[in-house]
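Note: the block below is my_file_29.txt and it holds compact mmCIF, C-alpha atoms and all ligand atoms.
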# COMPACT_ATOMS: atom_id res chain seq x y z
CA MET A 11 -34.39 -4.54 25.48
CA THR A 12 -30.71 -5.42 25.26
CA THR A 13 -28.20 -2.74 26.11
CA LEU A 14 -24.56 -3.00 25.13
CA LYS A 15 -21.88 -0.90 26.73
CA ILE A 16 -18.84 -1.12 24.53
CA LEU A 17 -15.47 0.41 25.36
CA ALA A 18 -13.14 1.29 22.48
CA ILE A 19 -9.52 1.82 23.56
CA GLY A 20 -7.03 3.76 21.44
CA ASP A 21 -3.53 2.71 20.33
CA VAL A 22 -1.89 0.88 23.24
CA VAL A 23 1.73 2.04 23.37
CA GLY A 24 4.43 -0.21 24.82
CA GLN A 25 4.80 -1.31 28.40
CA PRO A 26 3.23 1.85 29.91
CA GLY A 27 0.12 1.22 27.81
CA ARG A 28 -0.05 -2.45 28.75
CA SER A 29 0.45 -1.58 32.38
CA VAL A 30 -2.39 0.94 32.59
CA ILE A 31 -4.75 -1.53 30.93
CA CYS A 32 -3.75 -4.29 33.33
CA ARG A 33 -4.16 -2.08 36.36
CA LYS A 34 -7.17 0.04 35.46
CA LEU A 35 -9.36 -1.88 33.00
CA PRO A 36 -10.92 -4.39 35.44
CA LEU A 37 -12.14 -1.63 37.75
CA LEU A 38 -13.35 0.51 34.85
CA VAL A 39 -15.34 -2.42 33.43
CA LYS A 40 -16.93 -3.02 36.82
CA GLU A 41 -17.73 0.61 37.59
CA ARG A 42 -19.18 1.44 34.17
CA GLY A 43 -20.93 -1.90 33.56
CA ILE A 44 -18.98 -2.50 30.35
CA HIS A 45 -19.88 -5.63 28.34
CA PHE A 46 -17.27 -5.66 25.62
CA VAL A 47 -13.82 -4.10 25.11
CA VAL A 48 -11.99 -3.52 21.84
CA ALA A 49 -8.46 -2.07 21.74
CA ASN A 50 -6.09 -1.07 18.97
CA CYS A 51 -2.81 -2.92 19.56
CA GLU A 52 -0.62 -1.71 16.68
CA ASN A 53 1.95 -0.06 19.03
CA VAL A 54 1.96 -2.56 21.86
CA ALA A 55 5.32 -4.25 21.13
CA GLY A 56 8.06 -1.68 21.75
CA GLY A 57 5.90 0.94 20.03
CA ALA A 58 5.55 -0.79 16.66
CA GLY A 59 3.59 -3.96 15.99
CA VAL A 60 2.23 -6.72 18.18
CA THR A 61 3.56 -10.15 19.09
CA PRO A 62 1.44 -13.22 19.90
CA LYS A 63 2.62 -13.02 23.51
CA LEU A 64 1.61 -9.39 23.97
CA ALA A 65 -1.71 -9.88 22.18
CA GLY A 66 -2.35 -12.71 24.64
CA ARG A 67 -1.56 -10.42 27.55
CA LEU A 68 -4.02 -7.75 26.45
CA LEU A 69 -6.70 -10.41 26.01
CA SER A 70 -5.93 -11.74 29.49
CA TYR A 71 -6.35 -8.21 30.94
CA GLY A 72 -9.98 -8.13 29.76
CA VAL A 73 -9.83 -6.92 26.14
CA HIS A 74 -12.12 -9.01 23.91
CA ALA A 75 -11.06 -7.90 20.41
CA LEU A 76 -7.80 -6.40 19.14
CA THR A 77 -7.60 -4.15 16.09
CA ASN A 78 -4.57 -2.92 14.18
CA GLY A 79 -3.21 -0.27 11.85
CA ASP A 80 -0.26 0.68 9.67
CA HIS A 81 2.22 -1.02 12.04
CA VAL A 82 0.40 -4.35 11.89
CA TRP A 83 3.20 -6.41 10.29
CA ARG A 84 6.16 -4.80 12.10
CA LYS A 85 6.42 -7.99 14.16
CA VAL A 86 5.73 -10.39 11.35
CA GLU A 87 5.31 -13.38 13.68
CA ILE A 88 1.82 -12.07 14.41
CA ALA A 89 0.72 -13.13 10.90
CA ALA A 90 0.37 -16.84 11.76
CA LYS A 91 -1.45 -16.07 15.00
CA MET A 92 -3.79 -13.70 13.22
CA ALA A 93 -4.73 -16.36 10.71
CA GLU A 94 -6.00 -18.63 13.51
CA ASP A 95 -7.38 -16.29 16.19
CA ARG A 96 -10.59 -14.44 15.33
CA ARG A 97 -10.12 -12.01 18.23
CA LEU A 98 -7.11 -10.53 16.45
CA LEU A 99 -8.01 -8.31 13.51
CA ARG A 100 -6.10 -6.30 10.90
CA PRO A 101 -7.49 -3.61 8.60
CA ALA A 102 -9.91 -5.22 6.14
CA ASN A 103 -8.65 -3.11 3.22
CA LEU A 104 -5.00 -4.19 3.22
CA ALA A 105 -3.64 -6.23 0.31
CA GLU A 106 -6.09 -8.95 -0.68
CA ASP A 107 -3.81 -11.82 0.28
CA SER A 108 -2.92 -10.44 3.73
CA PRO A 109 -3.15 -13.06 6.47
CA GLY A 110 -5.95 -12.88 8.96
CA ARG A 111 -9.24 -11.05 8.75
CA GLY A 112 -10.62 -7.54 8.98
CA TRP A 113 -13.83 -8.31 10.82
CA ALA A 114 -15.38 -10.84 13.19
CA VAL A 115 -18.59 -11.43 15.11
CA PHE A 116 -18.56 -11.85 18.88
CA GLU A 117 -21.27 -13.21 21.18
CA VAL A 118 -21.64 -10.59 23.92
CA ALA A 119 -23.61 -10.90 27.16
CA GLY A 120 -25.34 -7.53 27.28
CA GLU A 121 -27.74 -6.08 29.83
CA GLY A 122 -31.07 -7.81 29.15
CA GLY A 123 -29.68 -10.62 27.03
CA PRO A 124 -27.00 -11.71 24.60
CA ALA A 125 -26.23 -9.93 21.34
CA ARG A 126 -24.03 -10.55 18.32
CA VAL A 127 -21.51 -7.75 17.89
CA GLY A 128 -19.48 -7.30 14.73
CA VAL A 129 -16.08 -5.59 14.93
CA LEU A 130 -14.67 -4.11 11.73
CA ASN A 131 -11.15 -2.69 11.31
CA LEU A 132 -10.32 -0.38 8.38
CA ILE A 133 -7.37 1.84 7.48
CA GLY A 134 -7.34 5.24 5.77
CA ARG A 135 -5.55 6.30 2.58
CA VAL A 136 -4.84 10.00 3.22
CA TYR A 137 -1.21 10.41 4.44
CA MET A 138 -1.13 6.67 5.02
CA PRO A 139 0.51 3.67 3.33
CA ARG A 140 -1.14 2.10 0.31
CA ALA A 141 -4.49 0.43 0.95
CA GLU A 142 -7.69 -0.46 -0.89
CA CYS A 143 -10.72 1.86 -0.70
CA PRO A 144 -12.02 1.79 2.89
CA PHE A 145 -15.51 2.87 1.79
CA ARG A 146 -16.00 -0.05 -0.59
CA ALA A 147 -14.27 -2.43 1.81
CA ALA A 148 -16.74 -1.35 4.51
CA ASP A 149 -19.68 -2.06 2.18
CA ARG A 150 -18.43 -5.60 1.58
CA ALA A 151 -17.60 -6.23 5.23
CA LEU A 152 -20.99 -4.99 6.45
CA LYS A 153 -22.74 -7.36 4.06
CA ALA A 154 -20.68 -10.26 5.45
CA LEU A 155 -21.24 -9.16 9.06
CA ARG A 156 -25.01 -8.97 8.59
CA ALA A 157 -24.93 -12.43 6.98
CA GLU A 158 -23.23 -13.66 10.15
CA GLY A 159 -26.03 -12.14 12.23
CA ALA A 160 -24.29 -9.07 13.67
CA GLN A 161 -26.87 -6.86 15.43
CA ALA A 162 -24.44 -4.07 16.25
CA VAL A 163 -21.28 -3.21 14.32
CA ILE A 164 -18.31 -1.37 15.84
CA VAL A 165 -15.76 0.18 13.47
CA ASP A 166 -12.13 1.11 14.23
CA PHE A 167 -11.00 3.37 11.39
CA HIS A 168 -7.23 3.78 11.66
CA ALA A 169 -6.47 6.98 9.77
CA GLU A 170 -4.56 10.25 9.84
CA ALA A 171 -6.96 12.76 8.28
CA SER A 172 -9.96 13.87 10.31
CA SER A 173 -11.78 14.62 7.05
CA GLU A 174 -11.43 11.01 5.88
CA LYS A 175 -12.61 9.78 9.28
CA GLN A 176 -15.67 12.03 9.27
CA ALA A 177 -16.44 11.10 5.68
CA LEU A 178 -16.38 7.36 6.34
CA GLY A 179 -18.30 7.81 9.60
CA ARG A 180 -21.02 9.75 7.81
CA TYR A 181 -21.03 7.24 4.95
CA LEU A 182 -21.64 4.37 7.37
CA ASP A 183 -24.19 6.20 9.55
CA GLY A 184 -27.38 4.14 9.66
CA ARG A 185 -25.44 0.92 9.11
CA VAL A 186 -23.11 0.81 12.13
CA SER A 187 -23.61 1.38 15.88
CA ALA A 188 -20.21 2.84 16.76
CA PHE A 189 -17.41 4.36 14.72
CA PHE A 190 -14.16 5.42 16.36
CA GLY A 191 -10.88 6.66 14.94
CA THR A 192 -7.37 5.62 15.94
CA HIS A 193 -3.77 6.32 14.78
CA THR A 194 -3.12 9.97 15.65
CA HIS A 195 -2.57 9.16 19.36
CA VAL A 196 -4.40 12.38 20.26
CA PRO A 197 -8.00 12.29 21.52
CA THR A 198 -10.57 14.54 19.88
CA ALA A 199 -13.53 16.17 21.65
CA ASP A 200 -16.14 15.64 18.92
CA GLU A 201 -17.98 12.61 20.27
CA GLN A 202 -21.60 12.59 19.09
CA VAL A 203 -24.41 10.42 17.81
CA PHE A 204 -25.07 10.91 14.11
CA PRO A 205 -28.70 11.21 12.85
CA GLY A 206 -28.72 7.60 11.61
CA GLY A 207 -27.72 6.29 15.05
CA ALA A 208 -23.96 5.79 14.74
CA GLY A 209 -21.94 6.83 17.77
CA TYR A 210 -18.89 8.69 16.46
CA ILE A 211 -15.53 10.09 17.59
CA THR A 212 -12.69 11.12 15.25
CA ASP A 213 -9.92 9.73 17.47
CA VAL A 214 -10.05 8.10 20.89
CA GLY A 215 -6.40 8.93 21.59
CA MET A 216 -3.50 6.81 22.72
CA THR A 217 -3.32 4.53 25.74
CA GLY A 218 0.23 5.20 26.83
CA PRO A 219 2.52 7.87 28.28
CA TYR A 220 1.23 11.40 27.61
CA GLU A 221 4.39 13.14 28.90
CA SER A 222 5.83 12.46 25.45
CA ILE A 223 5.47 13.16 21.75
CA ILE A 224 2.71 10.74 20.79
CA GLY A 225 4.22 8.14 23.11
CA ARG A 226 7.95 8.67 22.45
CA LEU A 227 10.57 10.49 24.49
CA CYS A 228 10.46 14.14 23.43
CA GLU A 229 14.16 14.90 22.99
CA PRO A 230 15.00 12.50 20.10
CA VAL A 231 11.88 13.51 18.19
CA ILE A 232 12.67 17.23 18.52
CA TYR A 233 16.29 16.49 17.54
CA ASN A 234 15.03 14.70 14.44
CA PHE A 235 12.81 17.64 13.46
CA LEU A 236 15.67 20.12 13.99
CA THR A 237 18.45 18.20 12.24
CA GLY A 238 16.77 15.66 9.97
CA LEU A 239 19.11 13.07 11.50
CA PRO A 240 17.83 9.76 12.85
CA LYS A 241 17.90 8.94 16.54
CA PRO A 242 16.13 6.05 18.26
CA PHE A 243 12.60 7.03 19.27
CA ARG A 244 12.29 5.30 22.62
CA ILE A 245 8.96 4.87 24.38
CA ALA A 246 8.50 7.50 27.09
CA GLU A 247 8.42 6.14 30.60
CA SER A 248 6.11 8.67 32.20
CA GLN A 249 2.69 8.17 33.72
CA ALA A 250 0.34 6.43 31.32
CA ARG A 251 -3.28 7.22 30.56
CA LEU A 252 -5.93 4.84 29.30
CA CYS A 253 -7.93 6.67 26.62
CA GLY A 254 -11.04 5.50 24.86
CA ALA A 255 -14.72 6.04 24.30
CA LEU A 256 -17.71 4.28 25.79
CA PHE A 257 -20.65 3.59 23.47
CA ASP A 258 -24.10 2.89 24.90
CA ILE A 259 -25.95 0.84 22.27
CA ASP A 260 -29.48 -0.49 21.93
CA ALA A 261 -28.88 -3.93 20.40
CA GLU A 262 -32.46 -4.24 19.15
CA THR A 263 -32.32 -1.14 16.94
CA GLY A 264 -28.54 -1.08 16.53
CA ARG A 265 -28.60 2.62 17.43
CA CYS A 266 -26.15 4.30 19.77
CA ARG A 267 -27.74 6.21 22.65
CA GLY A 268 -24.64 8.09 23.73
CA VAL A 269 -20.86 8.34 23.51
CA THR A 270 -18.64 9.25 26.46
CA ARG A 271 -14.91 9.89 26.34
CA VAL A 272 -12.90 7.92 28.87
CA ALA A 273 -9.50 8.88 30.29
CA VAL A 274 -7.99 7.09 33.27
CA ASP A 275 -4.55 7.95 34.60
CA ASP A 276 -2.25 5.29 35.98
CA ARG A 277 -0.66 7.03 38.92
CA TYR A 278 1.11 3.89 40.05
CA ARG A 279 4.50 5.24 39.02
CA PHE A 280 4.13 8.26 41.28
CA ASN A 281 4.15 6.31 44.54
CA LEU A 282 0.61 7.02 45.55
CA PRO A 283 -0.55 6.05 49.00
CA PRO A 284 -1.31 2.33 49.19
CA GLU A 285 -5.09 2.78 49.24
CA GLU A 286 -4.94 4.27 45.75
CA SER A 287 -2.62 1.74 44.21
CA ARG A 288 -3.93 -1.48 45.64
CA GLU A 289 -6.81 -2.26 43.28
CA VAL A 290 -4.70 -4.24 40.82
CA GLU A 291 -1.30 -5.80 41.19
CA ALA A 292 1.41 -4.44 38.89
CA PRO A 293 1.54 -6.59 35.76
CA ASP A 294 4.00 -9.34 35.17
CA ASP A 295 5.60 -7.40 32.37
CA GLU A 296 8.99 -6.22 31.23
CA PRO A 297 10.14 -2.80 30.00
CA ASP A 298 10.28 -2.01 26.31
CA LYS A 299 13.57 -3.13 24.87
CA GLU A 300 13.09 -1.96 21.37
CA SER A 301 13.40 1.41 19.79
CA HIS A 302 13.35 2.36 16.16
CA HIS A 303 14.24 5.24 13.91
CA ALA A 304 11.38 5.13 11.46
CA ASP A 305 7.95 6.70 11.61
CA ILE A 306 6.23 6.94 14.97
FE FE B 401 -1.00 3.92 13.15
FE FE B 402 -0.54 4.12 16.58
Mind turning the file's structure into structure tokens?
Ligand SMILES: [Fe+2]
Ligand SMILES: [Fe+2]
Amino acid sequence: MTTLKILAIGDVVGQPGRSVICRKLPLLVKERGIHFVVANCENVAGGAGVTPKLAGRLLSYGVHALTNGDHVWRKVEIAAKMAEDRRLLRPANLAEDSPGRGWAVFEVAGEGGPARVGVLNLIGRVYMPRAECPFRAADRALKALRAEGAQAVIVDFHAEASSEKQALGRYLDGRVSAFFGTHTHVPTADEQVFPGGAGYITDVGMTGPYESIIGRLCEPVIYNFLTGLPKPFRIAESQARLCGALFDIDAETGRCRGVTRVAVDDRYRFNLPPEESREVEAPDDEPDKESHHADI
């Protein structure tokens, strides 16, 4: 019997998000016996988009596959990198000629033997930018993933509406092993295993600073709601939290045995005693330079 423990990490926001992954992920992987890590990286570069350099950093911190969302092309230089690196995914149901790919198969060393794991990234259409039908895109992608020998399929559905997330999760139950939502930056408490064996959670939440409004400093966002006037939405600099969900999967049946929410605080910024902050060196990283006025 081959067991796969797969960690899905929600939207990594800016330098605080990168930092908590660098400092906490290695220990988490060791303690929980995790075999494979997927993280949504759409907010990793100054809060919007991902650069080749920052994608490389997340991969070097122990993430195996990177998914994306509506901010995917905000740093357009990622397009060339995405076309050549299979670990870097974008939603499969974007425009047909988008660079890169929406799914890939990874060889994973599980407990009891190796397994082929498919990762599929999709984006929603309710309160979201234009995209093709995620349901039909999932049908096509699953056919391709099976043809490539995927024994377990993990889906990151990047969407706003919980109804759309539940609908696609239910639609894919019996055909995927794990289905997690991203984009809202707020974790939900509805983790469960569906009758067909799909582990499900509506949103795994953000990996970034929670003393914030979905990762941004509070004051400019409140100002914008009160006045309608733009103001740069800078990344908050408070304590970060790594948020995700851990899926325990039987690779032989493709069924999920259990889903557990994961939340790990990075207390490094609060000058903890040395014994609590020694497990990982602080990352070789720089603060977020960029801010922007547009959507969060
Ligand atoms: Fe998003
Ligand atoms: Fe996001």
Task: Atom-to-atom span, atom CA of Ala114 of chain A and atom CA of Val127 of chain A, Å - done: 8.3 Å
Task: Contacts with ligand FE 401 (chain B) at most 10 Å, all atoms listed in the file counted, listed as a PyMOL selection string - done: chain A and resi 21+50-53+58-59+78-82+133-134+138-139+168-170+192-195+305-306
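Between Ile19 of chain A and the residues A:Asp166, A:Glu142, A:Glu247, A:Asp275, the shortest atom-to-atom distance, using only C-alpha atoms, involves A:Asp166.
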Open item on the list: Counting only C-alpha atoms, which residue out of A:Ser187, A:Ser248, A:Ser172, A:Thr61 sits closest to Thr212 of chain A?
Closed with: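 So, comparing all the options, the nearest one is A:Ser172.
Within 8 Å of Ala125 of chain A, once all atoms listed in the file are used and residues closer than 4 positions along the same chain are dropped, the contacting residues are Thr12, Glu117, Val118, Ala119, Gly120, Ala160, Gln161, Ala162 and Ala261 of chain A.
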Task: Shell around Arg28 of chain A at 8 Å using all atoms listed in the file, local window under 4 positions removed, as a PyMOL selection string - done: chain A and resi 22-24+32+54+68+218
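Residues within 10 Å of Ala141 of chain A, counting all atoms listed in the file and excluding same-chain residues fewer than 6 positions away, are A:Asp80, A:Pro101, A:Ala102, A:Asn103, A:Leu104, A:Ala105, A:Glu106, A:Leu132, A:Ile133, A:Gly134, A:Arg135.
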- [ ] One decimal, Å: what's the distance from atom CA of Arg185 of chain A over to atom CA of Ala49 of chain A, could you say?
- [x]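 About the pair atom CA of Arg185 of chain A and atom CA of Ala49 of chain A: they are 21.4 Å apart.
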Task: Nearest to ligand FE 402 (chain B) by atom-to-atom distance, counting only C-alpha atoms and all ligand atoms, from A:Ala177, A:Phe204, A:Gly56, A:Ala65 - done: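 For ligand FE 402 (chain B), the nearest of the candidates is A:Gly56.
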TODO: Could you tell me how far atom CA of Val47 of chain A lies from atom CA of Arg265 of chain A, in Å and to one decimal?
DONE: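 Result for atom CA of Val47 of chain A versus atom CA of Arg265 of chain A: 18.0 Å, one decimal.
Nearest residue to Val269 of chain A, choosing from A:Ile88, A:Ile211, A:Ala148, A:Ala246 and counting all atoms listed in the file: A:Ile211.
With all atoms listed in the file as the atoms that count, the residue of A:Arg146, A:Arg226, A:Arg180, A:Arg251 with the shortest distance to ligand FE 402 (chain B) is A:Arg226.
Here the question is which of A:Lys175, A:Arg67, A:Arg277, A:Arg271 gets nearest to Val214 of chain A using only C-alpha atoms, and that residue is A:Arg271.
Excluding Pro109 of chain A itself and any same-chain residue fewer than 5 positions from it, the protein and nucleic acid residues within 7 Å of it, counting only C-alpha atoms, are Ala89, Met92 and Ala93 of chain A.
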TODO: For Gly128 of chain A, list every protein, DNA or RNA residue within 12 Å, evaluated using only C-alpha atoms, and leave out those in the same chain fewer than 6 positions away; present the list as a ChimeraX atom specification.
DONE: /A:16,46,48,74-75,96-97,99,112-118,151-166,185-189,261,264
Quick one: 3 Å padding each side, axis-aligned, all listed atoms of segment 170-188 of chain A - centre and edge lengths in Å to one decimal, as AutoDock Vina command-line options?
--center_x -16.0 --center_y 7.7 --center_z 10.9 --size_x 28.8 --size_y 19.8 --size_z 17.8
Export of segment 173-199 of chain A: N, CA and C atoms, as a compact mmCIF listing (two decimals), in the first residue's frame:
# COMPACT_ATOMS: atom_id res chain seq x y z
N SER A 173 -19.90 28.56 -3.58
CA SER A 173 -20.83 27.68 -4.29
C SER A 173 -20.15 27.05 -5.52
N GLU A 174 -19.40 27.87 -6.25
CA GLU A 174 -18.72 27.34 -7.45
C GLU A 174 -17.66 26.31 -7.04
N LYS A 175 -17.00 26.58 -5.92
CA LYS A 175 -15.97 25.64 -5.45
C LYS A 175 -16.61 24.32 -5.04
N GLN A 176 -17.70 24.39 -4.28
CA GLN A 176 -18.36 23.15 -3.87
C GLN A 176 -18.90 22.41 -5.09
N ALA A 177 -19.44 23.14 -6.03
CA ALA A 177 -20.02 22.50 -7.22
C ALA A 177 -18.96 21.75 -8.01
N LEU A 178 -17.81 22.39 -8.22
CA LEU A 178 -16.76 21.70 -8.99
C LEU A 178 -16.17 20.54 -8.18
N GLY A 179 -16.03 20.74 -6.87
CA GLY A 179 -15.53 19.65 -6.02
C GLY A 179 -16.44 18.43 -6.08
N ARG A 180 -17.73 18.68 -5.97
CA ARG A 180 -18.71 17.57 -6.05
C ARG A 180 -18.69 16.94 -7.44
N TYR A 181 -18.57 17.78 -8.46
CA TYR A 181 -18.55 17.27 -9.84
C TYR A 181 -17.36 16.33 -10.07
N LEU A 182 -16.23 16.64 -9.44
CA LEU A 182 -15.02 15.85 -9.65
C LEU A 182 -14.86 14.72 -8.65
N ASP A 183 -15.75 14.64 -7.65
CA ASP A 183 -15.64 13.58 -6.64
C ASP A 183 -15.72 12.21 -7.34
N GLY A 184 -14.80 11.34 -6.95
CA GLY A 184 -14.72 10.03 -7.61
C GLY A 184 -13.66 10.00 -8.68
N ARG A 185 -13.20 11.20 -9.09
CA ARG A 185 -12.18 11.26 -10.14
C ARG A 185 -10.89 11.93 -9.67
N VAL A 186 -10.94 12.60 -8.52
CA VAL A 186 -9.73 13.25 -7.99
C VAL A 186 -9.53 12.83 -6.53
N SER A 187 -8.30 12.98 -6.04
CA SER A 187 -7.99 12.58 -4.66
C SER A 187 -8.08 13.75 -3.69
N ALA A 188 -7.78 14.94 -4.17
CA ALA A 188 -7.81 16.12 -3.30
C ALA A 188 -8.23 17.33 -4.11
N PHE A 189 -9.06 18.15 -3.50
CA PHE A 189 -9.59 19.35 -4.16
C PHE A 189 -9.55 20.47 -3.12
N PHE A 190 -8.73 21.49 -3.40
CA PHE A 190 -8.67 22.60 -2.44
C PHE A 190 -8.88 23.92 -3.17
N GLY A 191 -9.52 24.86 -2.45
CA GLY A 191 -9.76 26.18 -3.02
C GLY A 191 -8.69 27.16 -2.58
N THR A 192 -8.46 28.16 -3.43
CA THR A 192 -7.58 29.28 -3.11
C THR A 192 -8.27 30.56 -3.59
N HIS A 193 -7.62 31.70 -3.36
CA HIS A 193 -8.02 33.03 -3.84
C HIS A 193 -8.62 33.94 -2.79
N THR A 194 -9.46 33.44 -1.88
CA THR A 194 -10.12 34.38 -0.96
C THR A 194 -9.18 34.84 0.15
N HIS A 195 -8.09 34.12 0.37
CA HIS A 195 -7.12 34.43 1.43
C HIS A 195 -7.67 34.19 2.83
N VAL A 196 -8.81 33.54 2.93
CA VAL A 196 -9.42 33.27 4.24
C VAL A 196 -9.71 31.76 4.32
N PRO A 197 -9.15 31.08 5.34
CA PRO A 197 -9.38 29.64 5.41
C PRO A 197 -10.81 29.30 5.83
N THR A 198 -11.33 28.23 5.27
CA THR A 198 -12.66 27.76 5.67
C THR A 198 -12.50 26.50 6.55
N ALA A 199 -13.54 26.19 7.31
CA ALA A 199 -13.47 25.08 8.26
C ALA A 199 -14.32 23.91 7.81
